[in-house]
Structures are given as structure tokens and as C-alpha cells.
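Trainee: protein-v2.pdb is reproduced in full below (PDB, C-alpha atoms).
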ATOM      1  CA  TRP A   1       0.000   0.000   0.000  1.00  0.00           C
ATOM      2  CA  SER A   2       2.416   3.745  -0.887  1.00  0.00           C
ATOM      3  CA  SER A   3       2.351   7.351  -0.010  1.00  0.00           C
ATOM      4  CA  CYS A   4       4.463  10.527  -0.150  1.00  0.00           C
ATOM      5  CA  ALA A   5       6.278  11.578   3.026  1.00  0.00           C
ATOM      6  CA  THR A   6       9.084  13.963   3.887  1.00  0.00           C
ATOM      7  CA  SER A   7      12.392  13.092   5.497  1.00  0.00           C
ATOM      8  CA  SER A   8      11.440  15.006   8.647  1.00  0.00           C
ATOM      9  CA  VAL A   9       8.773  12.469   9.607  1.00  0.00           C
ATOM     10  CA  LEU A  10      10.526   9.263   8.547  1.00  0.00           C
ATOM     11  CA  ALA A  11      12.064   8.561  11.940  1.00  0.00           C
ATOM     12  CA  SER A  12       8.657   8.761  13.617  1.00  0.00           C
ATOM     13  CA  TRP A  13       6.694   6.323  11.467  1.00  0.00           C
ATOM     14  CA  THR A  14       8.785   3.193  11.890  1.00  0.00           C
ATOM     15  CA  LEU A  15       7.012   0.354  13.660  1.00  0.00           C
ATOM     16  CA  PRO A  16       8.464  -1.027  16.908  1.00  0.00           C
ATOM     17  CA  HIS A  17      10.860  -3.931  16.446  1.00  0.00           C
ATOM     18  CA  THR A  18      12.191  -6.716  18.579  1.00  0.00           C
ATOM     19  CA  SER A  19      15.818  -7.782  18.639  1.00  0.00           C
ATOM     20  CA  ALA A  20      16.879 -11.347  17.993  1.00  0.00           C
ATOM     21  CA  HIS A  21      18.561 -13.374  20.708  1.00  0.00           C
ATOM     22  CA  GLU A  22      21.845 -14.997  19.812  1.00  0.00           C
ATOM     23  CA  HIS A  23      23.038 -18.398  20.955  1.00  0.00           C
ATOM     24  CA  ASP A  24      26.633 -19.438  21.569  1.00  0.00           C
ATOM     25  CA  THR A  25      28.424 -22.768  21.447  1.00  0.00           C
ATOM     26  CA  LYS A  26      27.871 -24.674  24.706  1.00  0.00           C
ATOM     27  CA  HIS A  27      30.525 -26.862  26.342  1.00  0.00           C
ATOM     28  CA  VAL A  28      29.030 -29.682  28.381  1.00  0.00           C
ATOM     29  CA  PRO A  29      30.603 -32.772  29.991  1.00  0.00           C
ATOM     30  CA  LEU A  30      29.721 -36.122  28.435  1.00  0.00           C
ATOM     31  CA  GLY A  31      30.637 -39.016  30.721  1.00  0.00           C
ATOM     32  CA  SER A  32      34.236 -38.705  31.951  1.00  0.00           C
ATOM     33  CA  CYS A  33      35.448 -36.368  29.212  1.00  0.00           C
ATOM     34  CA  ALA A  34      34.420 -32.860  28.146  1.00  0.00           C
ATOM     35  CA  SER A  35      32.926 -32.485  24.659  1.00  0.00           C
ATOM     36  CA  THR A  36      31.438 -29.636  22.687  1.00  0.00           C
ATOM     37  CA  VAL A  37      27.806 -29.566  21.653  1.00  0.00           C
ATOM     38  CA  VAL A  38      26.941 -26.924  19.095  1.00  0.00           C
ATOM     39  CA  VAL A  39      23.530 -25.428  19.816  1.00  0.00           C
ATOM     40  CA  MET A  40      23.956 -22.519  17.425  1.00  0.00           C
ATOM     41  CA  THR A  41      27.333 -20.932  16.811  1.00  0.00           C
ATOM     42  CA  ASP A  42      27.688 -17.220  17.348  1.00  0.00           C
ATOM     43  CA  LEU A  43      29.246 -16.928  13.888  1.00  0.00           C
ATOM     44  CA  ASP A  44      26.188 -18.557  12.322  1.00  0.00           C
ATOM     45  CA  SER A  45      23.886 -15.998  13.932  1.00  0.00           C
ATOM     46  CA  LYS A  46      25.921 -12.920  13.049  1.00  0.00           C
ATOM     47  CA  PRO A  47      25.126 -12.574   9.310  1.00  0.00           C
ATOM     48  CA  ASP A  48      21.391 -12.462  10.062  1.00  0.00           C
ATOM     49  CA  ARG A  49      21.957 -10.110  13.009  1.00  0.00           C
ATOM     50  CA  ILE A  50      24.043  -7.773  10.847  1.00  0.00           C
ATOM     51  CA  ARG A  51      21.471  -7.896   8.038  1.00  0.00           C
ATOM     52  CA  ASP A  52      18.552  -7.220  10.384  1.00  0.00           C
ATOM     53  CA  THR A  53      20.391  -4.398  12.161  1.00  0.00           C
ATOM     54  CA  ALA A  54      21.277  -2.803   8.829  1.00  0.00           C
ATOM     55  CA  MET A  55      17.686  -3.124   7.639  1.00  0.00           C
ATOM     56  CA  ARG A  56      16.414  -1.327  10.754  1.00  0.00           C
ATOM     57  CA  LEU A  57      18.982   1.478  10.501  1.00  0.00           C
ATOM     58  CA  LEU A  58      18.397   1.965   6.778  1.00  0.00           C
ATOM     59  CA  ALA A  59      14.651   2.202   7.403  1.00  0.00           C
ATOM     60  CA  GLU A  60      15.222   4.844  10.075  1.00  0.00           C
ATOM     61  CA  ARG A  61      17.937   6.944   8.432  1.00  0.00           C
ATOM     62  CA  GLY A  62      18.129   6.076   4.737  1.00  0.00           C
ATOM     63  CA  ALA A  63      21.183   4.706   2.939  1.00  0.00           C
ATOM     64  CA  ALA A  64      23.059   8.030   2.991  1.00  0.00           C
ATOM     65  CA  GLY A  65      22.710   8.282   6.767  1.00  0.00           C
ATOM     66  CA  VAL A  66      24.141   4.861   7.644  1.00  0.00           C
ATOM     67  CA  SER A  67      27.751   3.693   7.491  1.00  0.00           C
ATOM     68  CA  LEU A  68      29.160   0.199   7.852  1.00  0.00           C
ATOM     69  CA  ARG A  69      30.704   1.365  11.141  1.00  0.00           C
ATOM     70  CA  ASN A  70      27.230   2.385  12.414  1.00  0.00           C
ATOM     71  CA  ILE A  71      25.871  -1.038  11.490  1.00  0.00           C
ATOM     72  CA  ALA A  72      28.774  -2.924  13.087  1.00  0.00           C
ATOM     73  CA  ASP A  73      28.459  -0.943  16.326  1.00  0.00           C
ATOM     74  CA  GLN A  74      24.699  -1.487  16.554  1.00  0.00           C
ATOM     75  CA  ALA A  75      25.021  -5.200  15.703  1.00  0.00           C
ATOM     76  CA  GLY A  76      27.769  -5.688  18.303  1.00  0.00           C
ATOM     77  CA  VAL A  77      30.372  -6.959  15.834  1.00  0.00           C
ATOM     78  CA  SER A  78      33.695  -5.659  14.582  1.00  0.00           C
ATOM     79  CA  LEU A  79      33.876  -3.716  11.336  1.00  0.00           C
ATOM     80  CA  GLY A  80      36.365  -6.296  10.105  1.00  0.00           C
ATOM     81  CA  LEU A  81      33.912  -9.169  10.612  1.00  0.00           C
ATOM     82  CA  LEU A  82      31.115  -7.221   8.906  1.00  0.00           C
ATOM     83  CA  GLN A  83      33.339  -6.590   5.881  1.00  0.00           C
ATOM     84  CA  HIS A  84      34.407 -10.229   5.879  1.00  0.00           C
ATOM     85  CA  LEU A  85      30.771 -11.367   5.693  1.00  0.00           C
ATOM     86  CA  PHE A  86      29.469  -8.512   3.492  1.00  0.00           C
ATOM     87  CA  HIS A  87      32.344  -6.982   1.551  1.00  0.00           C
ATOM     88  CA  THR A  88      30.644  -3.695   0.703  1.00  0.00           C
ATOM     89  CA  LYS A  89      27.624  -1.664   1.719  1.00  0.00           C
ATOM     90  CA  ALA A  90      26.060  -2.436  -1.660  1.00  0.00           C
ATOM     91  CA  GLU A  91      26.485  -6.167  -1.051  1.00  0.00           C
ATOM     92  CA  LEU A  92      24.847  -5.873   2.363  1.00  0.00           C
ATOM     93  CA  ILE A  93      21.922  -3.899   0.928  1.00  0.00           C
ATOM     94  CA  ALA A  94      21.520  -6.540  -1.800  1.00  0.00           C
ATOM     95  CA  ALA A  95      21.287  -9.218   0.916  1.00  0.00           C
ATOM     96  CA  ILE A  96      18.629  -7.146   2.694  1.00  0.00           C
ATOM     97  CA  ASP A  97      16.649  -6.710  -0.534  1.00  0.00           C
ATOM     98  CA  ASP A  98      16.727 -10.470  -1.196  1.00  0.00           C
ATOM     99  CA  HIS A  99      15.534 -11.147   2.358  1.00  0.00           C
ATOM    100  CA  VAL A 100      12.741  -8.573   2.137  1.00  0.00           C
ATOM    101  CA  LEU A 101      11.432  -9.975  -1.146  1.00  0.00           C
ATOM    102  CA  SER A 102      11.554 -13.493   0.274  1.00  0.00           C
ATOM    103  CA  VAL A 103       9.519 -12.434   3.320  1.00  0.00           C
ATOM    104  CA  LEU A 104       6.951 -10.614   1.172  1.00  0.00           C
ATOM    105  CA  VAL A 105       6.510 -13.473  -1.283  1.00  0.00           C
ATOM    106  CA  HIS A 106       6.157 -16.016   1.536  1.00  0.00           C
ATOM    107  CA  ALA A 107       3.737 -13.869   3.539  1.00  0.00           C
ATOM    108  CA  LEU A 108       1.517 -12.956   0.577  1.00  0.00           C
ATOM    109  CA  PHE A 109       1.638 -16.321  -1.174  1.00  0.00           C
ATOM    110  CA  ILE A 110      -1.497 -17.058  -3.189  1.00  0.00           C
ATOM    111  CA  THR A 111      -2.777 -20.514  -2.310  1.00  0.00           C
ATOM    112  CA  PRO A 112      -4.149 -22.686  -5.142  1.00  0.00           C
ATOM    113  CA  THR A 113      -7.574 -22.868  -3.443  1.00  0.00           C
ATOM    114  CA  GLU A 114      -7.760 -19.267  -2.224  1.00  0.00           C
ATOM    115  CA  HIS A 115     -10.579 -18.460  -4.655  1.00  0.00           C
ATOM    116  CA  ASP A 116     -12.683 -21.156  -2.962  1.00  0.00           C
ATOM    117  CA  SER A 117     -12.530 -19.355   0.377  1.00  0.00           C
ATOM    118  CA  ALA A 118     -15.784 -17.970   1.729  1.00  0.00           C
ATOM    119  CA  SER A 119     -13.979 -14.715   2.532  1.00  0.00           C
ATOM    120  CA  PRO A 120     -10.903 -14.160   0.309  1.00  0.00           C
ATOM    121  CA  ILE A 121     -10.582 -10.495   1.287  1.00  0.00           C
ATOM    122  CA  GLU A 122     -10.520 -11.387   4.987  1.00  0.00           C
ATOM    123  CA  ASP A 123      -7.890 -14.043   4.234  1.00  0.00           C
ATOM    124  CA  LEU A 124      -5.753 -11.438   2.461  1.00  0.00           C
ATOM    125  CA  GLY A 125      -6.307  -8.979   5.316  1.00  0.00           C
ATOM    126  CA  ARG A 126      -5.021 -11.520   7.824  1.00  0.00           C
ATOM    127  CA  GLN A 127      -1.940 -12.099   5.679  1.00  0.00           C
ATOM    128  CA  VAL A 128      -1.183  -8.378   5.591  1.00  0.00           C
ATOM    129  CA  ARG A 129      -1.832  -7.954   9.327  1.00  0.00           C
ATOM    130  CA  ARG A 130       0.594 -10.779  10.137  1.00  0.00           C
ATOM    131  CA  LEU A 131       3.146  -9.212   7.823  1.00  0.00           C
ATOM    132  CA  ILE A 132       2.868  -5.852   9.618  1.00  0.00           C
ATOM    133  CA  THR A 133       2.897  -7.265  13.153  1.00  0.00           C
ATOM    134  CA  GLU A 134       5.439 -10.066  12.712  1.00  0.00           C
ATOM    135  CA  HIS A 135       7.811  -8.357  10.269  1.00  0.00           C
ATOM    136  CA  SER A 136       7.675  -4.704  11.271  1.00  0.00           C
ATOM    137  CA  ASP A 137      11.313  -4.018  10.310  1.00  0.00           C
ATOM    138  CA  VAL A 138      10.691  -5.455   6.848  1.00  0.00           C
ATOM    139  CA  MET A 139       7.648  -3.232   6.345  1.00  0.00           C
ATOM    140  CA  ASN A 140       9.513  -0.167   7.629  1.00  0.00           C
ATOM    141  CA  TYR A 141      12.286  -0.919   5.138  1.00  0.00           C
ATOM    142  CA  VAL A 142       9.787  -1.368   2.302  1.00  0.00           C
ATOM    143  CA  ALA A 143       8.141   1.960   3.118  1.00  0.00           C
ATOM    144  CA  ARG A 144      11.487   3.749   3.274  1.00  0.00           C
ATOM    145  CA  THR A 145      12.699   2.387  -0.064  1.00  0.00           C
ATOM    146  CA  LEU A 146       9.423   3.401  -1.719  1.00  0.00           C
ATOM    147  CA  VAL A 147       9.535   6.928  -0.268  1.00  0.00           C
ATOM    148  CA  ASP A 148      13.205   7.303  -1.274  1.00  0.00           C
ATOM    149  CA  GLU A 149      12.408   6.016  -4.794  1.00  0.00           C
ATOM    150  CA  SER A 150      15.450   3.766  -4.680  1.00  0.00           C
ATOM    151  CA  PRO A 151      16.087   0.980  -7.219  1.00  0.00           C
ATOM    152  CA  ALA A 152      15.273  -1.517  -4.457  1.00  0.00           C
ATOM    153  CA  GLY A 153      11.990   0.278  -3.839  1.00  0.00           C
ATOM    154  CA  ALA A 154      11.108   0.070  -7.525  1.00  0.00           C
ATOM    155  CA  ALA A 155      11.869  -3.660  -7.594  1.00  0.00           C
ATOM    156  CA  ILE A 156       9.822  -4.294  -4.439  1.00  0.00           C
ATOM    157  CA  PHE A 157       6.886  -2.223  -5.686  1.00  0.00           C
ATOM    158  CA  ASP A 158       6.890  -3.997  -9.060  1.00  0.00           C
ATOM    159  CA  ARG A 159       6.957  -7.397  -7.335  1.00  0.00           C
ATOM    160  CA  LEU A 160       4.048  -6.420  -5.083  1.00  0.00           C
ATOM    161  CA  VAL A 161       2.046  -5.219  -8.102  1.00  0.00           C
ATOM    162  CA  GLU A 162       2.856  -8.449  -9.922  1.00  0.00           C
ATOM    163  CA  MET A 163       1.616 -10.562  -6.992  1.00  0.00           C
ATOM    164  CA  GLY A 164      -1.487  -8.389  -6.633  1.00  0.00           C
ATOM    165  CA  THR A 165      -2.246  -8.669 -10.345  1.00  0.00           C
ATOM    166  CA  GLN A 166      -1.959 -12.449 -10.171  1.00  0.00           C
ATOM    167  CA  ARG A 167      -4.292 -12.528  -7.168  1.00  0.00           C
ATOM    168  CA  TRP A 168      -6.986 -10.326  -8.735  1.00  0.00           C
ATOM    169  CA  THR A 169      -6.718 -12.112 -12.089  1.00  0.00           C
ATOM    170  CA  GLN A 170      -7.364 -15.366 -10.238  1.00  0.00           C
ATOM    171  CA  TYR A 171     -10.372 -13.856  -8.479  1.00  0.00           C
ATOM    172  CA  ALA A 172     -11.743 -12.565 -11.803  1.00  0.00           C
ATOM    173  CA  GLN A 173     -11.291 -15.935 -13.488  1.00  0.00           C
ATOM    174  CA  HIS A 174     -13.470 -17.508 -10.790  1.00  0.00           C
ATOM    175  CA  GLY A 175     -16.236 -14.955 -11.178  1.00  0.00           C
ATOM    176  CA  LEU A 176     -15.666 -13.182  -7.862  1.00  0.00           C
ATOM    177  CA  THR A 177     -15.211  -9.669  -9.293  1.00  0.00           C
ATOM    178  CA  PRO A 178     -17.303  -7.318 -11.466  1.00  0.00           C
ATOM    179  CA  ASP A 179     -16.744  -7.702 -15.197  1.00  0.00           C
ATOM    180  CA  ASP A 180     -15.401  -4.148 -15.467  1.00  0.00           C
ATOM    181  CA  LEU A 181     -12.887  -4.405 -12.610  1.00  0.00           C
ATOM    182  CA  ASP A 182      -9.642  -2.513 -13.326  1.00  0.00           C
ATOM    183  CA  ILE A 183      -7.196  -5.227 -12.256  1.00  0.00           C
ATOM    184  CA  THR A 184      -4.153  -2.945 -12.358  1.00  0.00           C
ATOM    185  CA  TRP A 185      -5.658  -0.552  -9.814  1.00  0.00           C
ATOM    186  CA  ALA A 186      -7.115  -3.436  -7.825  1.00  0.00           C
ATOM    187  CA  ALA A 187      -3.500  -4.587  -7.383  1.00  0.00           C
ATOM    188  CA  ILE A 188      -2.030  -1.126  -6.660  1.00  0.00           C
ATOM    189  CA  ASN A 189      -4.618   0.302  -4.250  1.00  0.00           C
ATOM    190  CA  PRO A 190      -3.941  -2.149  -1.374  1.00  0.00           C
ATOM    191  CA  ILE A 191      -0.231  -1.268  -1.611  1.00  0.00           C
ATOM    192  CA  LEU A 192      -1.077   2.420  -1.314  1.00  0.00           C
ATOM    193  CA  LEU A 193      -3.295   1.768   1.704  1.00  0.00           C
ATOM    194  CA  CYS A 194      -0.682  -0.275   3.574  1.00  0.00           C
ATOM    195  CA  VAL A 195       2.491   1.705   2.910  1.00  0.00           C
ATOM    196  CA  GLY A 196       0.547   4.953   3.251  1.00  0.00           C
ATOM    197  CA  ALA A 197      -0.558   3.957   6.756  1.00  0.00           C
ATOM    198  CA  ILE A 198       3.029   3.123   7.737  1.00  0.00           C
ATOM    199  CA  THR A 199       4.647   6.260   6.316  1.00  0.00           C
ATOM    200  CA  MET A 200       1.925   8.518   7.705  1.00  0.00           C
ATOM    201  CA  ARG A 201       1.664   6.698  11.005  1.00  0.00           C
ATOM    202  CA  SER A 202       2.654   9.702  13.145  1.00  0.00           C
ATOM    203  CA  HIS A 203      -0.237  11.654  11.623  1.00  0.00           C
ATOM    204  CA  VAL A 204      -2.677   8.740  11.736  1.00  0.00           C
ATOM    205  CA  ASP A 205      -1.941   8.170  15.427  1.00  0.00           C
ATOM    206  CA  ARG A 206      -3.199  11.647  16.294  1.00  0.00           C
ATOM    207  CA  HIS A 207      -6.691  10.596  15.210  1.00  0.00           C
ATOM    208  CA  LEU A 208      -6.794   7.258  17.026  1.00  0.00           C
ATOM    209  CA  PRO A 209      -7.353   6.437  20.703  1.00  0.00           C
ATOM    210  CA  GLN A 210      -4.295   4.157  20.619  1.00  0.00           C
ATOM    211  CA  PRO A 211      -1.248   3.900  18.304  1.00  0.00           C
ATOM    212  CA  TRP A 212      -2.073   2.460  14.881  1.00  0.00           C
ATOM    213  CA  ASN A 213       0.116  -0.622  15.378  1.00  0.00           C
ATOM    214  CA  THR A 214      -1.618  -1.781  18.596  1.00  0.00           C
ATOM    215  CA  PRO A 215      -3.716  -4.950  18.133  1.00  0.00           C
ATOM    216  CA  ALA A 216      -7.083  -3.202  18.480  1.00  0.00           C
ATOM    217  CA  GLN A 217      -6.231  -0.429  16.023  1.00  0.00           C
ATOM    218  CA  ILE A 218      -4.595  -2.763  13.489  1.00  0.00           C
ATOM    219  CA  GLN A 219      -7.765  -4.869  13.570  1.00  0.00           C
ATOM    220  CA  ARG A 220      -9.890  -1.740  13.146  1.00  0.00           C
ATOM    221  CA  TRP A 221      -7.753  -0.648  10.178  1.00  0.00           C
ATOM    222  CA  GLU A 222      -7.902  -4.120   8.623  1.00  0.00           C
ATOM    223  CA  ASP A 223     -11.702  -4.250   8.930  1.00  0.00           C
ATOM    224  CA  SER A 224     -12.048  -0.831   7.311  1.00  0.00           C
ATOM    225  CA  VAL A 225      -9.727  -1.692   4.419  1.00  0.00           C
ATOM    226  CA  ASN A 226     -11.486  -5.021   3.895  1.00  0.00           C
ATOM    227  CA  ARG A 227     -14.851  -3.262   3.713  1.00  0.00           C
ATOM    228  CA  LEU A 228     -13.494  -0.694   1.263  1.00  0.00           C
ATOM    229  CA  ILE A 229     -12.011  -3.305  -1.071  1.00  0.00           C
ATOM    230  CA  ARG A 230     -14.982  -5.633  -0.803  1.00  0.00           C
ATOM    231  CA  SER A 231     -17.508  -2.928  -1.703  1.00  0.00           C
ATOM    232  CA  GLY A 232     -15.542  -1.785  -4.734  1.00  0.00           C
ATOM    233  CA  ASN A 233     -13.904  -4.903  -6.133  1.00  0.00           C
ATOM    234  CA  PHE A 234     -16.248  -7.829  -5.432  1.00  0.00           C
ATOM    235  CA  ARG A 235     -19.661  -8.795  -6.713  1.00  0.00           C
ATOM    236  CA  ALA A 236     -22.510  -7.974  -4.361  1.00  0.00           C
TER
END
What do you get writing this file as C-alpha cells?
Mentor:
Amino acid sequence: WSSCATSSVLASWTLPHTSAHEHDTKHVPLGSCASTVVVMTDLDSKPDRIRDTAMRLLAERGAAGVSLRNIADQAGVSLGLLQHLFHTKAELIAAIDDHVLSVLVHALFITPTEHDSASPIEDLGRQVRRLITEHSDVMNYVARTLVDESPAGAAIFDRLVEMGTQRWTQYAQHGLTPDDLDITWAAINPILLCVGAITMRSHVDRHLPQPWNTPAQIQRWEDSVNRLIRSGNFRA
């Protein structure tokens, strides 16, 4: 869902995030001799931690406002290790973009029997709500790249439109939509509604009794969007 926003409000619209917990190699005694049992090595966890930290910082500050040193400090790793794992800033951003697209495609996957659902719009709404609540850093990053009009933002937007077009084409083929439905705009409008709510969150919050991303307000937003899409895009 996309919207215009200025740099002065970008820091205020990001959704809260949770940090990942890392696990280290454990040394435990086995019988009469000490052995090593690998639960999850610290090195294994660091690439994801670096990527996720970079994604959060880039969403907050934009690419120009973040250095590899900033990312290393926030991720709790040395600059040398970061550059060993991700040789350049561009390589790290490419890894983030791949991760973001993977999350989006998985979260918004169109099931083969989705058109048989009694409430396809509600099913889609639940998918989007889970995406916002469970992957807030991903959605903040998506919103930032779209506002900044970066190449990554263009690629993400085009992929979202492609998935939306496939979804609405499937609905149309099964007779769920009006004959004159504009499928292109049916695919784009939900993107505008979602990303617009994220980028304008600081303004939206002023008109709500609780912050937009609280469970009650997210549900309220989802219900309203579902009603709007259902009344315009589906047969009565």
C-alpha cells in the first residue's frame, strides 16, 4: 500500500521492532570427558543479526545516513567481521533486498484454493496484518525504499504489483469480481493503503485512541480496508 512523506517524519513512522537473541556454542561434559555440543554458533547468527540491524537502521535513516561502522556498532560486531561477511555496503543492501522480497513473497503467497474461500478479502487482510505485526522491520524498510524512490523500492513495488495482479486475475477468473474491474488498480490500491498507513503513522496516530500498530487499532484498520475493497472490487 504507498504514499508521499518527507524526510522530517521518517524517523517517527517506523514500527516497533524486537531484537533477535543470539546463541553461543555450549561446552558440556559427556561421561568422563568434556565435549562440545553446538547449539547454534555465534558466527552462524551474526550474518542475520548484521542484516537485520542494517535493515532497521536503513529504514530509520536512509542509505546516505548509515555507514558500515554504524551497522557494526549497533550489531555488536567488529567492522572487520562485517566486511568479511558482506564486503561492501552495496552487497549488504543486496542481501537485505533479497531477504525482504523473500519475506513478502512467503507472507503474501497465493494458495491454489484461495478463490474457494468464503472470505478471500478477509484471508488477504489476515496475511497483511501478520506481515505488519510479525515483520515490522521489513515493512519499515519497504516503506522507506518506496519513499526514497530507490532501485530496491522500484523492484519491491513492481513485485508487489505483480503478486497483486496475479491474485486479482485469479479472483476474476473464478467470477468473484465485477466484469469491469480494473485489475491494475485493484492490485495497486492495497499497496497504497498499507504503505501509506506506515509512512503517515505519526499523523494517523493523532486521530486514534491508541497507536495504529496496537492490536485493536490494526484490527480496526484491517476491517475498514477489507470493507473498502470488498464494496468496490467484489460482486454484491
Trainee: Could you give me, as an MDAnalysis selection string, the residues within 8 Å of stretch 93-109 of chain A, counting all atoms listed in the file and dropping anything in the same chain fewer than 6 positions from it?
Mentor: chainID A and resid 51:52 54:55 124 127:128 130:131 138 142 152 156 163
Trainee: So what do you get for atom CA of A:Ala143 versus atom CA of A:Lys46, distance-wise?
Mentor: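 Separation between atom CA of A:Ala143 and atom CA of A:Lys46: 25.2 Å.
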Trainee: For A:Arg56, which of A:Met139, A:Ala90, A:Val225, A:Ala186 is the closest residue, counting all atoms listed in the file?
Mentor: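 Residue with the minimum atom-to-atom distance to A:Arg56: A:Met139.
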Trainee: Compare A:Ser150, A:Ser78, A:Ile121, A:Thr133 by their minimum atom-to-atom distance to A:Trp168, counting only C-alpha atoms, and give me the closest one.
Mentor: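 The answer is A:Ile121, which sits nearest to A:Trp168.
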Trainee: Of the candidates A:Glu91, A:Asp158, A:Asp179, A:Glu122, which shows the shortest atom-to-atom distance to A:Leu68, using all atoms listed in the file?
Mentor: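 Between A:Glu91, A:Asp158, A:Asp179, A:Glu122, the residue approaching A:Leu68 most closely is A:Glu91.
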Trainee: List as JSON, numbers by chain: which residues have an atom within 12 Å of (30.6, -4.4, 14.8), counting all atoms listed in the file?
Mentor: {"A": [46, 47, 49, 50, 51, 53, 54, 67, 68, 69, 70, 71, 72, 73, 74, 75, 76, 77, 78, 79, 80, 81, 82, 83, 84, 85]}
Trainee: Identify which of the residues A:Leu160, A:Val147, A:Ala187, A:Gly125 lies closest to A:Asp223, counting all atoms listed in the file when measuring atom-to-atom distances.
Mentor: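 Of all the options, A:Gly125 lies closest to A:Asp223.
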Trainee: I'd like the box whose edges run along x, y and z of the file and which contains every listed atom of stretch 49-53 of chain A, padded by 8 Å per side; could you state its centre and edge lengths in Å, one decimal, as JSON?
Mentor:
{"center_x": 21.3, "center_y": -7.3, "center_z": 10.5, "size_x": 21.5, "size_y": 21.7, "size_z": 21.0}
Trainee: Determine the nearest neighbour of A:Arg227 from the options A:Asp148, A:Ser119, A:Leu58, A:Phe157, counting all atoms listed in the file.
Mentor: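 The answer is A:Ser119, which sits nearest to A:Arg227.
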Trainee: Could you jot down the atom CA of A:Asp137 to atom CA of A:Arg201 separation for me, Å, one decimal place?
Mentor: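 One can read the atom CA of A:Asp137 to atom CA of A:Arg201 distance as 14.4 Å.
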Trainee: Going by the chain IDs and residue numbers used in this file, which residues fall under the PyMOL selection byres ((chain A and resi 235) around 9)? Write them as a PyMOL selection string.
Mentor: chain A and resi 175-178+230-234+236
Trainee: Okay, now the selection with C-alpha atoms, as a tab-separated table (two decimals), in the coordinates of the input?
Mentor:
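The resulting file, selection07.tsv, is reproduced below:
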chain	number	residue	atom	x	y	z
A	175	GLY	CA	-16.24	-14.96	-11.18
A	176	LEU	CA	-15.67	-13.18	-7.86
A	177	THR	CA	-15.21	-9.67	-9.29
A	178	PRO	CA	-17.30	-7.32	-11.47
A	230	ARG	CA	-14.98	-5.63	-0.80
A	231	SER	CA	-17.51	-2.93	-1.70
A	232	GLY	CA	-15.54	-1.78	-4.73
A	233	ASN	CA	-13.90	-4.90	-6.13
A	234	PHE	CA	-16.25	-7.83	-5.43
A	236	ALA	CA	-22.51	-7.97	-4.36
Trainee: Just checking: using all atoms listed in the file, which residue out of A:Lys89, A:Arg129, A:Arg159, A:Arg144 ends up closest to A:Cys194?
Mentor: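 Residue with the minimum atom-to-atom distance to A:Cys194: A:Arg129.
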Trainee: Could you state the separation of atom CA of A:Thr199 and atom CA of A:Leu146 in Å, given to one decimal place?
Mentor: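 Atom CA of A:Leu146 lies 9.8 Å from atom CA of A:Thr199.
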